[in-house]
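Please read the structure below before turning to the comments.
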Amino acid sequence: MGLFAPIKDHHSEAQLFVGRVILSSVIGIILLGIVVVRLVQLQVVDHELFAEQSQGNRIRIEAVPPTRGLIFDRRGRVLAENLPAYQLELIPEQVPDMADTLARLAGIGLIKEEDIPRFNGLSQSGPRFKPITLRFRLTDDEIANFAVRRPRFPGVDLQPRLVRHYPDGELVAHAIGYVGALSTADLQRLDAAAYSGTSHTGKTGVEHFNEDLLHGDVGFRQVVTNALGRQVPAETRGFADAGPESESPSPGENLYLTLDLNLQRIAAEQLDGRRGAIVAVDPNNGEVLALYSSPSFDPNAFATGMSPSDFNSLQQNPDRPLVNRAVRGSYPPGSTIKPMLSLAALEIGATNLTRRSVCIGYYSLPGSTHRYRDWRPEGHGEVDLHDAIQQSCDVYFYEISRDIGIDNMHYYLDQFGLGTETGLDMAGESDGLVPSREWKRGAFSERADQVWFPGETIIASIGQGYMLATPLQLANATAALAMRGQRFKPHLVAAIEDPLTGERTVMAPEQLPNVQITNEFNWDNVLAAMHDVMQSNRGTARATGLGAPYAMAGKSGTAQVFTVAQEDEYDEDEIDERLRDHALFIAFAPFDAPEIAVAVVIENGSSGSRVAAPMARAIMDQHLGLNDGVNADEL
Amino acid sequence: MSFSDTHRLFSSRSAPLSGVGSILQRLHLDGPLLGALLMVSAFGLVVLYSAVAQNMDLWIQQCIRLTVAIGAMVIVAQLPPDFLRRWTPWGYLAGLILLIMVLVSGEVGQGAKRWLDIGIRFQPSEVMKLAVPMMAAWYLHDRQLPPKFFDLVVIGVSIVVPTVLIARQPDLGTSILIAMSGVIVIILAGLSIRVMVLLALSSIPGAYLLWQFMQDYQKQRVLTLLDPNSDPLGAGYNIIQSKIAIGSGGLFGKGWTNGSQAQLEFLPERDTDFIFAVMGEELGLLGVLTLLGLYLFIVGRGLFIATQARDTFSRLLAGSISLTFFVYVFVNTAMVTGLVPVVGVPLPLVSFGGTSMVTLMAGFGILMSIHRHRKLLPH
């Protein structure tokens with residue numbers, strides 16, 4: 001064949017080809033058979049498994065937040081409610097030009113220029129279809145302002161939401177506290193599942209302490225979502241076969257507080273422009289009738305969200321409006337502890353009703369030239385225990401303090417609840433401090449500092465030195481005085497109401513151990529002296545008691561902030577306002593059947609009897625004049 | 001011969017000439033093949049309508065492409081096999097030049113250089129899908145079959161050069177398919193079984209070489225196939241979602257446009273490479289078996305036409321076009337069901353996309369021309 005091109009054998013070639021076609025067909029059918037077997041495996045054998053996975057792919061469980069419980073005062077007036085408010089939202093994927101949109105929103109005053117970088121950041125993190133809240137609550141004017149311009153802001157819209165609202169926010173801010181946006185710290189503390197739909201939680205006060213009651217139980221619903229988690233209207237796309245199941249949330253419990261909004265209002269008026277606190281309790285059951293700290297703040301700002309700069313200025317305000325002075329403020333109680341010390345002295349025999357002292361304006365320990373001054377430089381002359389309480393003679397108490405001793409002082413003041421938290425249903429109470437030898441040994445590290453000096457007992461007898469008390473503790477101790485030693489734990493929640501059934505659970509008063517005074521006669525004498533503080537012509541607060549239609553008892557206190565040098569006189573006008581004495585007053589009324597016990601503390605108020613006492617009177621007037629027998633029990 | 005059953009099934013010769021028949025004959029079109037192609041295309045359009053989420057713009061675009069592709073088929077059907085054979089070397093050469101141009105100055109799309117813009121934008125690799133098997137068939141046309149070693153070397157080079165050029169774009173799926181179309185010609189030409197087994201064995205070191213040649217994303221695809229759950233939100237996502245879609249469809253499917261996997265965008269590439277999964281989810285096992293049946297008929301009819309062909313060139317080319325079509329169907333369905341790695345092969349005539357459909361239909365045009373110029377007597 002060498003020289004010739006090979007001759008093609010067409011017939012054998014065609015035969016060969018047909019053979020190869022058959023071979024290919026067999027291989028092809030085997031391969032296709034493998035695919036068919038695979039399809040049967042996926043679609044018939046494992047169908048259930050994949051059907052389940054496809055359900056899981058598209059059905060997402062979405063939390064439905066419960067409605068927060070409402071808060072009322074003792075007369076059923078709303079203190080905290082949930083209002084539908086319009087919030088301004090932006091959906092990043094629908095906004096054609098983010099920078100321009102934000103700039104124009106700032107231009108019409110709906111957002112602040114300084115927040116633009118923050119919103120820009122938010123719009124770039126997170127899914128593009130998830131709305132970003134620009135403003136939590138718009139005013140009616142802002143709603144109208146935006147509504148007419150809406151077409152020029154694609155992707156920005158108003159959304160109705162329930163927002164916590166405090167109608168008399170400033171009056172009750174420190175008592176009921178406020179809700180704020182959930183923080184990462186909150187989420188670590190709270191059950192993440194229960195809060196999966198919730199945006200806010202109680203941060204302080206009643207809102208915080210009763211979070212479990214107020215929050216309610218989360219509900220859920222199943223939603224159909226696409227691969228990006230975007231919700232799809234199930235009914236329009238024929239995926240309704242899943243039959244989205246749901247469970248309604250159950251709203252939080254409503255709370256009725258022991259507070260009286262009228263008293264809060266009077267307290268706010270009295271303390272206007274001052275730093276201080278007023279606490280009033282019902283001595284018969286420990287119900288807190290008023291709890292006000294001044295200056296106050298608007299809790300609504302926390303619920304609706306405020307800018308970092310607003311929060312900073314609130315926090316850096318030198319008057320510290322965010323501090324709840326009523327339960328956190330620790331002040332030297334001053335002379336307000338004299339009735340309690342008198343009881344202690346009578347009880348242990350450190351004095352008696354006939355013992356008299358001559359007050360010459362100061363007292364010195366034997367063998368010492370150091371002068372412990374009386375508040376009245378010229379002295380009170382010859383005084384007995386009754387006079388010493390009535391006129392608040394310091395020298396009398398300096399004298400008997402040596403016989404009482406610091407440990408007895410501690411023993412009795414402790415029984416009145418000073419030096420420990422009262423157990424009010426609110427977080428963040430201060431302990432205050434009633435010193436003792438044992439306390440001093442533990443409080444100081446240097447051996448020399450651990451020794452209790454006689455002079456420290458002397459100043460402790462007029463509520464100075466180490467001694468500290470909160471306004472709440474003072475009100476509570478006053479209630480114990482009013483009730484002749486019977487004590488109750490103070491509380492703010494009067495009743496819990498199931499919002500669905502309207503069923504109310506009234507909180508029972510919680511009695512505490514009585515103050516141990518064996519001789520009932522001692523109560524008569526000390527309380528009579530407190531009565532005369534206000535209603536005799538020698539009493540320090542006689543001006544306040546004047547013309548009252550009811551009998552009352554009280555005790556003033558003026559606590560030093562600034563120590564006057566031995567040779568100087570304390571001259572109010574020459575001292576900086578912040579170094580002036582704190583003014584304190586405790587009182588209860590009516591004298592024979594007490595219904596209210598009040599403690600007033602005014603920082604740098606100078607004089608307990610002149611400044612604080614009239615405020616206590618105003619509170620008592622309001623309570624006794626308007627109290628038409630409505631108690632928490634009858635709510 | 002034993003082939004007679006199949007012969008009867010695919011032969012249209014006994015059918016009486018109706019009005020439609022005469023039109024088809026005048027247009028050099030094969031009735032059974034055309035009918036099956038139109039049925040698959042119509043089926044594809046129905047599924048695509050759902051897969052593009054009822055986006056009418058995209059759907060109409062696909063209808064236009066299909067019309068263009070059918071037009072191309074009709075035109076190619078008019079060209080006699082001898083004419084095609086004469087022009088084959090020039091077509092092949094032009095294809096090679098275009099491929100080189102793509103590597104030098106091609107347009108980048110989705111991280112790969114595949115497109116060339118010379119007046120119209122197209123992928124020169126599409127030309128090669130037909131040019132490579134035509135070149136092999138052209139070379140073997142005058143040679144004595146089965147091919148000799150030297151012939152195999154020449155054809156091998158004519159296959160390897162465009163394959164490597166396309167693999168470097170990189171477009172692994174297309175390059176494998178083009179290599180396959182050439183190899184099929186050699187097999188049909190009678191490559192000895194012994195050599196085929198030898199080649200199959202040598203494919204083990206070949207696979208190792210290929211692995212070295214692959215891009216990272218291509219290696220990832222192979223690894224993903226072996227264990228899709230190792231990276232469920234990354235590389236394995238496509239296969240997992242595709243299997244869920246098909247499996248959840250069951251026997252009868254969730255109903256047209258009611259596939260939650262497809263409609264809610266869990267299934268990626270649902271209008272292109274993974275459209276088979278949409279069909280499996282919405283139309284169920286019955287739907288996909290119907291489609292596979294139609295595909296099988298097309299391949300069978302093509303092979304029948306090949307056995308009837310007049311000369312070596314026509315025979316080899318028709319066989320290669322038919323079997324390559326089968327490879328398309330197999331690779332796509334096997335990939336979507338998780339049997340082979342995801343190599344980016346569309347489901348022929350169904351997946352959204354232009355150039356490949358025109359090429360496919362042009363190939364069927366060649367089949368029809370070959371059938372028109374078949375041997376007048378079978379034996």
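In the structure tokens, chains take the letters A, B, ... in the order shown, each chain's residues start at 1, and ligands count up from 1 in the order shown.
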- Task: Do a neighbour search on Asn284 of chain A at 10 Å with only C-alpha atoms, toss out local chain neighbours closer than 2 positions, and write the hits as a PyMOL selection string.
- Result: chain A and resi 281-282+286-287+479-480+482-483+486-488+509+511+593-597
Same residues, C-alpha atoms, saved as a PDB file, in the first residue's frame:
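And here's part39.pdb as it stands now:
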ATOM      1  CA  VAL A 281     -44.471  58.048 104.141  1.00  0.00           C
ATOM      2  CA  ASP A 282     -47.642  56.785 105.738  1.00  0.00           C
ATOM      3  CA  GLY A 286     -44.903  52.204 105.077  1.00  0.00           C
ATOM      4  CA  GLU A 287     -46.544  53.517 101.920  1.00  0.00           C
ATOM      5  CA  ALA A 479     -42.674  57.362 110.957  1.00  0.00           C
ATOM      6  CA  ALA A 480     -41.275  55.057 113.676  1.00  0.00           C
ATOM      7  CA  ALA A 482     -44.890  58.817 115.128  1.00  0.00           C
ATOM      8  CA  MET A 483     -45.961  55.197 115.668  1.00  0.00           C
ATOM      9  CA  GLN A 486     -43.916  50.435 115.359  1.00  0.00           C
ATOM     10  CA  ARG A 487     -42.122  50.184 111.997  1.00  0.00           C
ATOM     11  CA  PHE A 488     -43.009  49.255 108.434  1.00  0.00           C
ATOM     12  CA  PRO A 509     -47.729  46.259 104.539  1.00  0.00           C
ATOM     13  CA  GLN A 511     -43.993  45.173 109.507  1.00  0.00           C
ATOM     14  CA  ALA A 593     -53.298  59.671 114.999  1.00  0.00           C
ATOM     15  CA  PRO A 594     -50.370  60.105 112.578  1.00  0.00           C
ATOM     16  CA  GLU A 595     -51.143  59.772 108.875  1.00  0.00           C
ATOM     17  CA  ILE A 596     -48.016  61.229 107.369  1.00  0.00           C
ATOM     18  CA  ALA A 597     -44.334  61.445 108.251  1.00  0.00           C
TER      19      ALA A 597
END
- Message: With 9 Å as the limit and counting only C-alpha atoms, what residues in chain A lie close to chain B? Please list them as an NGL selection string.
- Response: :A and (5-10 or 12-14 or 16-22 or 24-25 or 28-29 or 31-32 or 34-36 or 38-55 or 57-58 or 224-228 or 232 or 237-239)
- Atom-to-atom span, atom CA of Met467 of chain A and atom CA of Ala268 of chain A, Å: 27.3 Å
- To one decimal place, how far is atom CA of Gly442 of chain A from atom CA of Ile458 of chain A in Å? 20.8 Å
- Message: I'd like the contact shell of Pro81 of chain B - 12 Å cut-off, only C-alpha atoms, skipping same-chain residues fewer than 4 positions apart - returned as a PyMOL selection string.
- Response: chain B and resi 76-77+85-88+134+137-138+141+309-318+365-374
- Message: I want to know what sits within 7 Å of Pro65 of chain A, based on only C-alpha atoms, with residues of the same chain fewer than 5 positions away left out; could you give that as a PyMOL selection string?
- Response: chain A and resi 197-198+218-219+249
